[in-house]
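Colleague: Data file structure_28.pdb (PDB, C-alpha atoms) is appended below.
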ATOM      1  CA  MET A 430       8.897 -17.253  19.939
ATOM      2  CA  SER A 431       6.051 -18.791  17.922
ATOM      3  CA  HIS A 432       6.404 -21.938  15.819
ATOM      4  CA  ARG A 433       6.196 -19.671  12.763
ATOM      5  CA  GLY A 434       9.258 -17.691  13.909
ATOM      6  CA  LEU A 435      11.184 -20.876  14.621
ATOM      7  CA  ARG A 436      10.589 -22.121  11.066
ATOM      8  CA  TRP A 437      12.064 -18.970   9.562
ATOM      9  CA  ALA A 438      14.900 -18.773  12.078
ATOM     10  CA  GLY A 439      15.991 -22.253  11.126
ATOM     11  CA  ILE A 440      16.257 -21.150   7.495
ATOM     12  CA  VAL A 441      17.970 -17.805   7.945
ATOM     13  CA  ALA A 442      19.576 -18.001  11.377
ATOM     14  CA  SER A 443      22.662 -16.259  10.075
ATOM     15  CA  LEU A 444      20.635 -13.109   9.498
ATOM     16  CA  SER A 445      19.979 -12.761  13.261
ATOM     17  CA  LEU A 446      16.472 -11.471  12.554
ATOM     18  CA  VAL A 447      15.073 -13.088  15.669
ATOM     19  CA  ALA A 448      17.611 -11.308  17.859
ATOM     20  CA  ALA A 449      16.656  -8.036  16.226
ATOM     21  CA  ALA A 450      12.982  -8.738  16.997
ATOM     22  CA  CYS A 451      13.774  -8.610  20.707
ATOM     23  CA  GLY A 452      15.006  -5.012  20.452
ATOM     24  CA  SER A 453      14.505  -2.116  22.800
ATOM     25  CA  SER A 454      11.433   0.008  23.377
ATOM     26  CA  ARG A 455      10.961   3.256  21.501
ATOM     27  CA  SER A 456      10.103   6.784  22.528
ATOM     28  CA  PRO A 457       9.097   9.847  20.523
ATOM     29  CA  SER A 458      11.953  11.070  18.376
ATOM     30  CA  ALA A 459      11.761  14.820  18.991
ATOM     31  CA  SER A 460      14.410  14.922  21.730
ATOM     32  CA  ALA A 461      16.685  12.338  20.150
ATOM     33  CA  SER A 462      16.746  13.346  16.498
ATOM     34  CA  SER A 463      19.029  16.339  17.005
ATOM     35  CA  GLN A 464      21.712  14.074  18.517
ATOM     36  CA  ALA A 465      21.377  11.190  16.083
ATOM     37  CA  ALA A 466      24.004  10.513  13.443
ATOM     38  CA  PRO A 467      22.669  10.544   9.860
ATOM     39  CA  THR A 468      21.192   7.162   8.994
ATOM     40  CA  THR A 469      20.691   5.830   5.477
ATOM     41  CA  VAL A 470      17.224   4.337   5.011
ATOM     42  CA  ASN A 471      16.518   2.388   1.837
ATOM     43  CA  VAL A 472      12.852   2.601   0.820
ATOM     44  CA  ALA A 473      11.262   0.340  -1.796
ATOM     45  CA  TYR A 474       8.188   2.002  -3.251
ATOM     46  CA  VAL A 475       5.811   2.125  -6.207
ATOM     47  CA  PRO A 476       5.814   5.578  -7.897
ATOM     48  CA  LEU A 477       2.093   6.318  -7.610
ATOM     49  CA  PRO A 478       0.186   9.247  -6.020
ATOM     50  CA  LEU A 479      -1.044   6.718  -3.446
ATOM     51  CA  PHE A 480       2.292   7.283  -1.679
ATOM     52  CA  ALA A 481       2.355  11.078  -1.828
ATOM     53  CA  PRO A 482       3.426  11.620   1.828
ATOM     54  CA  LEU A 483       6.802  10.091   0.966
ATOM     55  CA  PHE A 484       7.364  12.511  -1.898
ATOM     56  CA  VAL A 485       6.157  15.566  -0.001
ATOM     57  CA  ALA A 486       8.195  14.742   3.113
ATOM     58  CA  GLN A 487      11.335  14.299   1.033
ATOM     59  CA  ALA A 488      10.790  17.522  -0.921
ATOM     60  CA  HIS A 489      10.116  19.534   2.244
ATOM     61  CA  GLY A 490      13.286  18.271   3.930
ATOM     62  CA  TYR A 491      11.553  16.416   6.744
ATOM     63  CA  PHE A 492      13.764  13.325   6.465
ATOM     64  CA  ALA A 493      16.915  15.450   6.442
ATOM     65  CA  ALA A 494      15.650  17.262   9.540
ATOM     66  CA  GLU A 495      15.348  13.884  11.270
ATOM     67  CA  HIS A 496      18.904  12.969  10.224
ATOM     68  CA  ILE A 497      17.670  10.450   7.663
ATOM     69  CA  ASP A 498      19.484  10.012   4.355
ATOM     70  CA  LEU A 499      16.762   8.653   2.082
ATOM     71  CA  ASN A 500      17.564   6.196  -0.712
ATOM     72  CA  LEU A 501      14.497   5.449  -2.869
ATOM     73  CA  GLU A 502      14.281   2.231  -4.894
ATOM     74  CA  VAL A 503      11.408   1.761  -7.361
ATOM     75  CA  VAL A 504       9.756  -1.676  -7.360
ATOM     76  CA  GLN A 505       6.859  -3.073  -9.375
ATOM     77  CA  ASN A 506       4.881  -3.950  -6.238
ATOM     78  CA  GLY A 507       5.379  -4.110  -2.497
ATOM     79  CA  GLN A 508       5.237  -7.906  -2.396
ATOM     80  CA  SER A 509       8.444  -8.172  -4.416
ATOM     81  CA  ALA A 510      10.347  -6.244  -1.729
ATOM     82  CA  LEU A 511       9.215  -8.078   1.416
ATOM     83  CA  THR A 512      12.190 -10.422   1.482
ATOM     84  CA  LEU A 513      14.496  -7.446   0.958
ATOM     85  CA  ALA A 514      12.955  -5.788   4.030
ATOM     86  CA  ALA A 515      13.195  -8.915   6.167
ATOM     87  CA  THR A 516      16.885  -9.285   5.305
ATOM     88  CA  ASN A 517      17.593  -5.558   5.833
ATOM     89  CA  GLN A 518      18.549  -4.921   2.206
ATOM     90  CA  VAL A 519      15.827  -2.291   2.313
ATOM     91  CA  GLN A 520      14.427  -1.023   5.571
ATOM     92  CA  VAL A 521      10.998   0.209   4.459
ATOM     93  CA  VAL A 522       8.459  -0.913   1.856
ATOM     94  CA  LEU A 523       5.561   1.237   0.641
ATOM     95  CA  GLY A 524       3.078  -0.946  -1.224
ATOM     96  CA  GLY A 525      -0.163  -2.895  -1.164
ATOM     97  CA  PHE A 526      -1.181  -5.479   1.428
ATOM     98  CA  SER A 527      -1.307  -8.746  -0.525
ATOM     99  CA  ALA A 528      -1.978 -12.316   0.550
ATOM    100  CA  GLY A 529       1.773 -12.755   0.140
ATOM    101  CA  LEU A 530       2.318 -10.420   3.094
ATOM    102  CA  PHE A 531       0.260 -12.658   5.376
ATOM    103  CA  ASN A 532       1.862 -15.825   4.018
ATOM    104  CA  ALA A 533       5.321 -14.351   4.532
ATOM    105  CA  ILE A 534       4.589 -13.448   8.157
ATOM    106  CA  ASP A 535       3.127 -16.917   8.750
ATOM    107  CA  GLN A 536       6.389 -18.404   7.455
ATOM    108  CA  GLY A 537       8.339 -16.230   9.882
ATOM    109  CA  LEU A 538       9.427 -13.374   7.626
ATOM    110  CA  ASP A 539      10.292 -10.543   9.986
ATOM    111  CA  VAL A 540       8.207  -7.617   8.704
ATOM    112  CA  ARG A 541       5.385  -5.562  10.198
ATOM    113  CA  VAL A 542       2.779  -3.136   8.874
ATOM    114  CA  VAL A 543       3.381   0.123  10.735
ATOM    115  CA  GLY A 544       1.301   2.646   8.811
ATOM    116  CA  SER A 545      -1.305   3.365   6.159
ATOM    117  CA  MET A 546      -1.114   5.235   2.905
ATOM    118  CA  ALA A 547      -3.937   6.489   0.648
ATOM    119  CA  GLU A 548      -7.605   6.133   1.535
ATOM    120  CA  GLU A 549     -10.370   6.687  -1.000
ATOM    121  CA  ALA A 550     -12.065  10.084  -0.686
ATOM    122  CA  PRO A 551     -15.839  10.577  -0.991
ATOM    123  CA  GLY A 552     -17.179  11.607  -4.382
ATOM    124  CA  THR A 553     -15.844  10.738  -7.826
ATOM    125  CA  PRO A 554     -13.655   7.635  -7.378
ATOM    126  CA  ALA A 555      -9.904   7.788  -7.844
ATOM    127  CA  ASN A 556      -9.782   3.989  -7.892
ATOM    128  CA  GLY A 557     -12.357   1.374  -8.775
ATOM    129  CA  LEU A 558     -13.717  -1.407 -10.955
ATOM    130  CA  VAL A 559     -14.093  -0.360 -14.591
ATOM    131  CA  GLY A 560     -16.219  -2.263 -17.129
ATOM    132  CA  SER A 561     -15.110  -2.736 -20.748
ATOM    133  CA  SER A 562     -16.924  -0.450 -23.205
ATOM    134  CA  SER A 563     -16.025  -2.721 -26.131
ATOM    135  CA  LEU A 564     -17.880  -5.577 -24.412
ATOM    136  CA  HIS A 565     -20.727  -3.252 -23.357
ATOM    137  CA  VAL A 566     -20.237  -4.007 -19.660
ATOM    138  CA  SER A 567     -22.213  -1.428 -17.728
ATOM    139  CA  SER A 568     -23.160  -3.218 -14.487
ATOM    140  CA  LEU A 569     -21.576  -5.470 -11.892
ATOM    141  CA  SER A 570     -24.152  -8.189 -12.549
ATOM    142  CA  GLN A 571     -22.634  -8.770 -15.994
ATOM    143  CA  LEU A 572     -19.303  -9.872 -14.525
ATOM    144  CA  ALA A 573     -20.240 -13.367 -13.349
ATOM    145  CA  GLY A 574     -18.098 -15.838 -15.273
ATOM    146  CA  GLN A 575     -15.968 -13.077 -16.799
ATOM    147  CA  ARG A 576     -12.255 -12.185 -16.783
ATOM    148  CA  ILE A 577     -11.200  -9.237 -14.625
ATOM    149  CA  ALA A 578      -7.789  -7.581 -14.828
ATOM    150  CA  VAL A 579      -6.141  -6.915 -11.465
ATOM    151  CA  ALA A 580      -2.591  -5.688 -10.921
ATOM    152  CA  GLY A 581      -0.888  -8.513  -9.054
ATOM    153  CA  GLY A 582      -3.610 -11.041  -9.859
ATOM    154  CA  PRO A 583      -5.267 -13.296  -7.255
ATOM    155  CA  GLY A 584      -4.221 -12.504  -3.706
ATOM    156  CA  SER A 585      -3.357  -8.874  -4.442
ATOM    157  CA  ALA A 586      -4.790  -5.785  -2.749
ATOM    158  CA  GLY A 587      -6.687  -5.166  -5.995
ATOM    159  CA  ALA A 588      -8.195  -8.636  -5.757
ATOM    160  CA  TYR A 589      -9.465  -7.786  -2.271
ATOM    161  CA  LEU A 590     -11.033  -4.562  -3.544
ATOM    162  CA  THR A 591     -12.558  -6.455  -6.468
ATOM    163  CA  ALA A 592     -14.128  -8.908  -4.010
ATOM    164  CA  ILE A 593     -15.619  -6.004  -2.033
ATOM    165  CA  ALA A 594     -17.033  -4.464  -5.227
ATOM    166  CA  LEU A 595     -18.524  -7.742  -6.453
ATOM    167  CA  GLU A 596     -20.271  -8.293  -3.110
ATOM    168  CA  ARG A 597     -22.722  -5.560  -4.168
ATOM    169  CA  ALA A 598     -23.922  -7.869  -6.948
ATOM    170  CA  HIS A 599     -23.662 -10.986  -4.739
ATOM    171  CA  ILE A 600     -20.900 -12.394  -6.963
ATOM    172  CA  PRO A 601     -18.070 -14.225  -5.123
ATOM    173  CA  LEU A 602     -14.544 -14.137  -6.519
ATOM    174  CA  SER A 603     -14.882 -17.846  -7.278
ATOM    175  CA  ARG A 604     -17.320 -16.935 -10.085
ATOM    176  CA  VAL A 605     -14.849 -14.707 -11.948
ATOM    177  CA  THR A 606     -11.344 -15.218 -13.317
ATOM    178  CA  LEU A 607      -8.743 -12.736 -12.097
ATOM    179  CA  VAL A 608      -6.013 -11.962 -14.633
ATOM    180  CA  ASN A 609      -2.699 -10.343 -13.641
ATOM    181  CA  VAL A 610      -2.432  -7.184 -15.773
ATOM    182  CA  ASP A 611      -0.329  -4.242 -14.593
ATOM    183  CA  PHE A 612      -1.928  -0.803 -14.389
ATOM    184  CA  PRO A 613      -0.403   0.697 -17.570
ATOM    185  CA  ASN A 614      -1.761  -2.171 -19.724
ATOM    186  CA  GLN A 615      -5.267  -2.421 -18.265
ATOM    187  CA  ALA A 616      -6.864   0.186 -20.547
ATOM    188  CA  ALA A 617      -5.673  -1.723 -23.631
ATOM    189  CA  ALA A 618      -7.081  -4.972 -22.207
ATOM    190  CA  LEU A 619     -10.446  -3.240 -21.727
ATOM    191  CA  ALA A 620     -10.384  -1.714 -25.197
ATOM    192  CA  ASN A 621      -9.572  -4.952 -27.024
ATOM    193  CA  GLY A 622     -12.059  -7.004 -25.029
ATOM    194  CA  GLY A 623      -9.386  -9.154 -23.413
ATOM    195  CA  VAL A 624     -11.076  -8.600 -20.058
ATOM    196  CA  ALA A 625     -14.604  -7.617 -19.112
ATOM    197  CA  ALA A 626     -13.411  -5.303 -16.340
ATOM    198  CA  ALA A 627     -10.287  -4.056 -14.592
ATOM    199  CA  TYR A 628      -9.631  -2.797 -11.083
ATOM    200  CA  MET A 629      -7.869   0.460 -11.852
ATOM    201  CA  ALA A 630      -5.989   3.072  -9.835
ATOM    202  CA  THR A 631      -5.325   6.725 -10.461
ATOM    203  CA  PRO A 632      -4.123   7.987 -12.969
ATOM    204  CA  PHE A 633      -4.921   4.993 -15.157
ATOM    205  CA  LEU A 634      -8.621   4.976 -14.296
ATOM    206  CA  GLN A 635      -9.057   8.587 -15.413
ATOM    207  CA  ALA A 636      -7.128   7.930 -18.626
ATOM    208  CA  ALA A 637      -9.333   4.916 -19.416
ATOM    209  CA  LEU A 638     -12.467   6.991 -18.921
ATOM    210  CA  ALA A 639     -11.098   9.811 -21.077
ATOM    211  CA  SER A 640     -10.369   7.374 -23.924
ATOM    212  CA  HIS A 641     -13.828   5.770 -23.533
ATOM    213  CA  ALA A 642     -12.201   2.378 -22.892
ATOM    214  CA  GLY A 643     -14.441   1.750 -19.902
ATOM    215  CA  THR A 644     -17.121   2.830 -17.442
ATOM    216  CA  VAL A 645     -16.831   2.880 -13.647
ATOM    217  CA  LEU A 646     -18.936   0.077 -12.155
ATOM    218  CA  ALA A 647     -17.940   0.566  -8.529
ATOM    219  CA  GLY A 648     -15.601   2.951  -6.764
ATOM    220  CA  ALA A 649     -13.214   1.915  -4.018
ATOM    221  CA  PRO A 650     -14.746   1.855  -0.524
ATOM    222  CA  VAL A 651     -14.399   5.287   1.084
ATOM    223  CA  GLY A 652     -11.879   5.574   3.910
ATOM    224  CA  VAL A 653     -10.308   2.156   3.324
ATOM    225  CA  ALA A 654      -6.514   1.927   2.974
ATOM    226  CA  VAL A 655      -5.139  -1.217   1.317
ATOM    227  CA  THR A 656      -1.639   0.181   0.915
ATOM    228  CA  GLY A 657       0.766   1.285   3.574
ATOM    229  CA  VAL A 658       4.136   1.270   5.268
ATOM    230  CA  ILE A 659       5.999  -1.938   6.105
ATOM    231  CA  PHE A 660       9.158  -2.046   8.235
ATOM    232  CA  GLY A 661      11.707  -4.834   8.197
ATOM    233  CA  GLY A 662      12.433  -6.404  11.582
ATOM    234  CA  SER A 663      15.943  -5.023  11.967
ATOM    235  CA  PHE A 664      14.799  -1.482  11.209
ATOM    236  CA  LEU A 665      11.662  -1.869  13.337
ATOM    237  CA  HIS A 666      13.717  -1.780  16.531
ATOM    238  CA  SER A 667      16.314   0.754  15.414
ATOM    239  CA  ALA A 668      16.730   4.284  16.742
ATOM    240  CA  ALA A 669      15.988   5.698  13.282
ATOM    241  CA  ALA A 670      12.597   3.992  12.845
ATOM    242  CA  GLN A 671      10.506   6.522  14.777
ATOM    243  CA  ARG A 672      12.386   9.434  13.233
ATOM    244  CA  PHE A 673      11.653   8.088   9.759
ATOM    245  CA  PHE A 674       7.980   7.600  10.593
ATOM    246  CA  ASP A 675       7.665  11.079  12.102
ATOM    247  CA  ALA A 676       9.052  12.631   8.907
ATOM    248  CA  LEU A 677       6.659  10.575   6.792
ATOM    249  CA  ALA A 678       3.733  11.673   8.981
ATOM    250  CA  LYS A 679       4.741  15.318   8.480
ATOM    251  CA  GLY A 680       4.361  14.708   4.756
ATOM    252  CA  ALA A 681       0.857  13.355   5.396
ATOM    253  CA  ALA A 682       0.034  16.357   7.585
ATOM    254  CA  ASP A 683       0.937  18.616   4.649
ATOM    255  CA  LEU A 684      -1.665  16.839   2.514
ATOM    256  CA  GLN A 685      -4.709  17.488   4.683
ATOM    257  CA  GLY A 686      -7.757  19.337   3.332
ATOM    258  CA  SER A 687      -7.246  21.783   0.487
ATOM    259  CA  ALA A 688      -3.447  21.434   0.803
ATOM    260  CA  ALA A 689      -3.754  18.054  -0.912
ATOM    261  CA  THR A 690      -4.375  19.815  -4.214
ATOM    262  CA  SER A 691      -2.137  22.841  -3.759
ATOM    263  CA  SER A 692       0.003  23.709  -6.769
ATOM    264  CA  ALA A 693       3.197  23.170  -4.781
ATOM    265  CA  ASN A 694       2.242  19.701  -3.584
ATOM    266  CA  LEU A 695       0.881  18.624  -6.970
ATOM    267  CA  ALA A 696       4.169  19.687  -8.568
ATOM    268  CA  ILE A 697       6.070  17.503  -6.093
ATOM    269  CA  ILE A 698       3.820  14.514  -6.788
ATOM    270  CA  ALA A 699       4.033  15.039 -10.551
ATOM    271  CA  LYS A 700       7.825  15.056 -10.458
ATOM    272  CA  ALA A 701       7.969  11.912  -8.293
ATOM    273  CA  THR A 702       5.472   9.885 -10.313
ATOM    274  CA  GLY A 703       5.947  11.189 -13.850
ATOM    275  CA  GLU A 704       2.266  12.092 -13.977
ATOM    276  CA  SER A 705       1.269  15.331 -15.691
ATOM    277  CA  LEU A 706       0.104  18.263 -13.587
ATOM    278  CA  ALA A 707      -3.021  18.573 -15.734
ATOM    279  CA  LEU A 708      -4.018  14.984 -15.005
ATOM    280  CA  LEU A 709      -3.247  15.324 -11.308
ATOM    281  CA  ARG A 710      -5.463  18.412 -11.099
ATOM    282  CA  SER A 711      -8.325  16.495 -12.709
ATOM    283  CA  GLU A 712      -8.103  13.548 -10.312
ATOM    284  CA  PRO A 713      -9.939  13.254  -6.992
ATOM    285  CA  PRO A 714      -7.464  13.663  -4.120
ATOM    286  CA  ASN A 715      -6.465  10.752  -1.927
ATOM    287  CA  LEU A 716      -6.965  11.004   1.815
ATOM    288  CA  PHE A 717      -4.209  10.290   4.337
ATOM    289  CA  SER A 718      -4.463   9.769   8.074
ATOM    290  CA  PRO A 719      -2.536  12.644   9.741
ATOM    291  CA  THR A 720      -0.603  10.093  11.809
ATOM    292  CA  LEU A 721      -0.647   7.368   9.122
ATOM    293  CA  ALA A 722      -2.255   5.002  11.636
ATOM    294  CA  PRO A 723      -2.140   1.404  10.341
ATOM    295  CA  PRO A 724      -5.508   0.038   9.119
ATOM    296  CA  THR A 725      -5.773  -2.907  11.508
ATOM    297  CA  SER A 726      -9.454  -3.655  10.877
ATOM    298  CA  VAL A 727      -8.949  -3.541   7.101
ATOM    299  CA  LEU A 728      -6.007  -5.932   7.376
ATOM    300  CA  ALA A 729      -8.164  -8.349   9.393
ATOM    301  CA  SER A 730     -10.831  -8.156   6.682
ATOM    302  CA  MET A 731      -8.237  -8.726   3.961
ATOM    303  CA  GLN A 732      -6.928 -11.819   5.721
ATOM    304  CA  SER A 733     -10.475 -13.216   5.864
ATOM    305  CA  VAL A 734     -11.101 -12.585   2.150
ATOM    306  CA  TYR A 735      -7.766 -14.085   1.147
ATOM    307  CA  ALA A 736      -8.482 -17.150   3.290
ATOM    308  CA  ALA A 737     -11.948 -17.593   1.796
ATOM    309  CA  ASN A 738     -10.473 -17.545  -1.703
ATOM    310  CA  GLY A 739      -7.676 -20.001  -1.038
ATOM    311  CA  ASN A 740      -4.837 -17.447  -1.237
ATOM    312  CA  LEU A 741      -3.321 -18.290   2.147
ATOM    313  CA  VAL A 742      -1.062 -21.252   2.925
ATOM    314  CA  TYR A 743      -2.240 -21.525   6.531
ATOM    315  CA  ARG A 744      -5.592 -22.176   8.207
ATOM    316  CA  THR A 745      -5.495 -20.550  11.641
ATOM    317  CA  PRO A 746      -5.776 -16.760  11.190
ATOM    318  CA  LEU A 747      -2.777 -14.729  12.249
ATOM    319  CA  PRO A 748      -3.462 -12.483  15.246
ATOM    320  CA  MET A 749      -3.157  -8.857  14.202
ATOM    321  CA  ARG A 750      -0.348  -8.326  16.725
ATOM    322  CA  ASP A 751       1.794 -10.531  14.455
ATOM    323  CA  VAL A 752       0.954  -8.334  11.457
ATOM    324  CA  VAL A 753       0.684  -4.764  12.788
ATOM    325  CA  ASP A 754       2.775  -2.486  14.996
ATOM    326  CA  SER A 755       0.767   0.661  15.709
ATOM    327  CA  SER A 756       3.208   2.212  18.176
ATOM    328  CA  PHE A 757       4.940   4.418  15.603
ATOM    329  CA  ALA A 758       1.711   6.219  14.689
ATOM    330  CA  ALA A 759       0.880   6.502  18.383
ATOM    331  CA  HIS A 760       4.188   8.298  19.010
ATOM    332  CA  VAL A 761       3.883  10.837  16.175
ATOM    333  CA  PRO A 762       4.206  14.331  17.726
ATOM    334  CA  ALA A 763       0.935  16.271  17.856
ATOM    335  CA  SER A 764       2.325  18.954  15.568
ATOM    336  CA  SER A 765       2.837  16.458  12.690
TER     337      SER A 765
END
How does this structure look as structure tokens?
Modeller:
Amino acid sequence: MSHRGLRWAGIVASLSLVAAACGSSRSPSASASSQAAPTTVNVAYVPLPLFAPLFVAQAHGYFAAEHIDLNLEVVQNGQSALTLAATNQVQVVLGGFSAGLFNAIDQGLDVRVVGSMAEEAPGTPANGLVGSSSLHVSSLSQLAGQRIAVAGGPGSAGAYLTAIALERAHIPLSRVTLVNVDFPNQAAALANGGVAAAYMATPFLQAALASHAGTVLAGAPVGVAVTGVIFGGSFLHSAAAQRFFDALAKGAADLQGSAATSSANLAIIAKATGESLALLRSEPPNLFSPTLAPPTSVLASMQSVYAANGNLVYRTPLPMRDVVDSSFAAHVPASS
């Protein structure tokens, strides 16, 4: 066990998380799922189209077929649920990869990234940095010294994406002020001039453009996933973990190509997120890896950006094996 694990074990030894971390190896779930007793899996998630495979898999009965009883719990962001996952109060978190995730793992919190969620598609951006029309911000170069709204503030996945966008204008994050403004309130902040820009996600970006509150300055990098699937340590080594992941991957498989914008799937996503069908049809689709493979290289890049901006409480970078477990995606049946 690393010194990081010992620090956490000393604090929460009664939780027996370290013992759980030494669990058994896994195998594909196809032969085992039919014999498994139903297992309740509590999932903390943010109700956004970014997590559509969850909604589609549930609606199509894939979790039930894997003997999983799904219990969904809405949270404001994934970071707020990490401790719940580490203490097995929830088993799965679907959310963004914040600096808090890396700090938590450094402190010994027993969680791992096991999969990815939405990636930006080519073409019209679904997510990106939007400049304030009221302040006449029309280029990235105008943002030096300005306030930028980001859901979660400094150290969030949005902050990482903002850093990537600002690199195009050679502006480091240290030359802007990141303000924590949640997605539903960002358009108002743009309209009243409270911020010069906001890093927005679908459907809020499209609504801001429709109301002429802002102009897209930079779209999200294509093919980059900054949100994903996080397992708590106890669940990570359970018999149900692969079955849950296989069902989730089937949901992603149903969202490939033109199926991503089928009327049936859009209706499922609309019901799960509260977003209107009309708005969903107008938005660019998100992309999902068919196996939901975890974005290891992106996570390494995120750790570097967070470190450079003083968001991490440690100096020596975490090895990705302490952050990511890619074996679940590797075991997804070929038919998923």
Colleague: Suppose a student applies the PyMOL selection byres ((chain A and resi 719-728) around 7) to this structure; what residues should they get, written as a ChimeraX atom specification?
Modeller: /A:542-546,653-654,678,681-682,717-718,729-732,753,755,758,761
Colleague: What is the atom CA of Ala580 of chain A-atom CA of Arg541 of chain A distance in Å, reported with one decimal?
Modeller: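 Interatomic distance here is 22.6 Å.
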Colleague: Grab the atom CA of Ala592 of chain A to atom CA of Ala625 of chain A distance for me, in Å with one decimal place.
Modeller: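 Calculated distance between atom CA of Ala592 of chain A and atom CA of Ala625 of chain A is 15.2 Å.
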Colleague: Find the residues around Glu704 of chain A up to 9 Å (all atoms listed in the file counted), leave out those fewer than 5 positions away in its own chain, and share them as a PyMOL selection string.
Modeller: chain A and resi 477-478+632+698-699+709
Colleague: List as a list in words the protein and nucleic acid residues near Ala481 of chain A, meaning an atom at most 9 Å away when all atoms listed in the file are counted, but skip any in the same chain fewer than 4 places from it.
Modeller: Pro476, Leu477, Val485, Ala486, Met546, Ala547, Gly680, Ala681, Leu684, Asn694, Ile697, Ile698, Ala701 and Asn715 of chain A
Colleague: Determine, counting all atoms listed in the file, which protein, DNA and RNA residues have an atom within 8 Å of an atom of Gly648 of chain A; residues of the same chain fewer than 3 positions away are not included. Present the result as a list in words.
Modeller: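 Listed by chain and then number, they are Thr553, Pro554, Ala555, Asn556, Gly557, Leu558, Ala594 and Val645 of chain A.
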Colleague: Please identify all polymer residues within 7 Å of segment 512-515 of chain A, counting only C-alpha atoms, omitting same-chain residues fewer than 3 positions from it, and present them as a PyMOL selection string.
Modeller: chain A and resi 518-522+538-540+660-662
Colleague: Please identify all polymer residues within 9 Å of segment 606-612 of chain A, counting all atoms listed in the file, omitting same-chain residues fewer than 3 positions from it, and present them as a VMD selection string.
Modeller: chain A and resid 505 574 to 583 588 602 to 603 615 to 616 618 624 627 to 630 633 to 634
Colleague: Work out how far atom CA of Ala533 of chain A is from atom CA of Val504 of chain A, in Å to one decimal.
Modeller: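 Interatomic distance here is 17.9 Å.
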Colleague: Would you please work out which residue, of A:Ala649, A:Ala573, A:Val752, A:Val566, is nearest to Thr591 of chain A when using all atoms listed in the file?
Modeller: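 Once distances to Thr591 of chain A are computed over all atoms listed in the file, the minimum belongs to A:Ala649.
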Colleague: Using the chain letters and numbers from this file, what does the PyMOL selection byres ((chain A and resi 586) around 6) select? Give the answer as number ranges by chain.
Modeller: A: 525-527, 585, 587-589
Colleague: Which residue is closest to Leu747 of chain A? Choose from A:Ala550, A:Ala510, A:Ala707, A:Ile534 and count only C-alpha atoms.
Modeller: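 Ranking A:Ala550, A:Ala510, A:Ala707, A:Ile534 by distance to Leu747 of chain A, first place goes to A:Ile534.
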Colleague: Could you state which residues are captured by the PyMOL selection byres ((chain A and resi 467) around 9) in this file, as a ChimeraX atom specification?
Modeller: /A:465-466,468-469,493,495-498,669
Colleague: Output C-alpha atoms of each residue in that selection to a file, as an mmCIF file, in the frame of the given file.
Modeller:
data_model
loop_
_atom_site.group_PDB
_atom_site.id
_atom_site.type_symbol
_atom_site.label_atom_id
_atom_site.label_comp_id
_atom_site.auth_asym_id
_atom_site.auth_seq_id
_atom_site.Cartn_x
_atom_site.Cartn_y
_atom_site.Cartn_z
ATOM 1 C CA ALA A 465 21.377 11.190 16.083
ATOM 2 C CA ALA A 466 24.004 10.513 13.443
ATOM 3 C CA THR A 468 21.192 7.162 8.994
ATOM 4 C CA THR A 469 20.691 5.830 5.477
ATOM 5 C CA ALA A 493 16.915 15.450 6.442
ATOM 6 C CA GLU A 495 15.348 13.884 11.270
ATOM 7 C CA HIS A 496 18.904 12.969 10.224
ATOM 8 C CA ILE A 497 17.670 10.450 7.663
ATOM 9 C CA ASP A 498 19.484 10.012 4.355
ATOM 10 C CA ALA A 669 15.988 5.698 13.282
#
Colleague: For Val742 of chain A, which residue among A:Leu665, A:Leu708, A:Val651, A:Ala528 is the nearest when counting all atoms listed in the file?
Modeller: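 Looking at the shortest contact to Val742 of chain A, the residue is A:Ala528.
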Colleague: With distances taken over only C-alpha atoms, which of A:Leu706, A:Ala598, A:Ala636, A:Val503 is nearest to Val475 of chain A?
Modeller: A:Val503
Colleague: Between A:Asp751, A:Glu712, A:Glu549, A:Glu502, which has the minimum distance to Leu695 of chain A (counting only C-alpha atoms)?
Modeller: A:Glu712
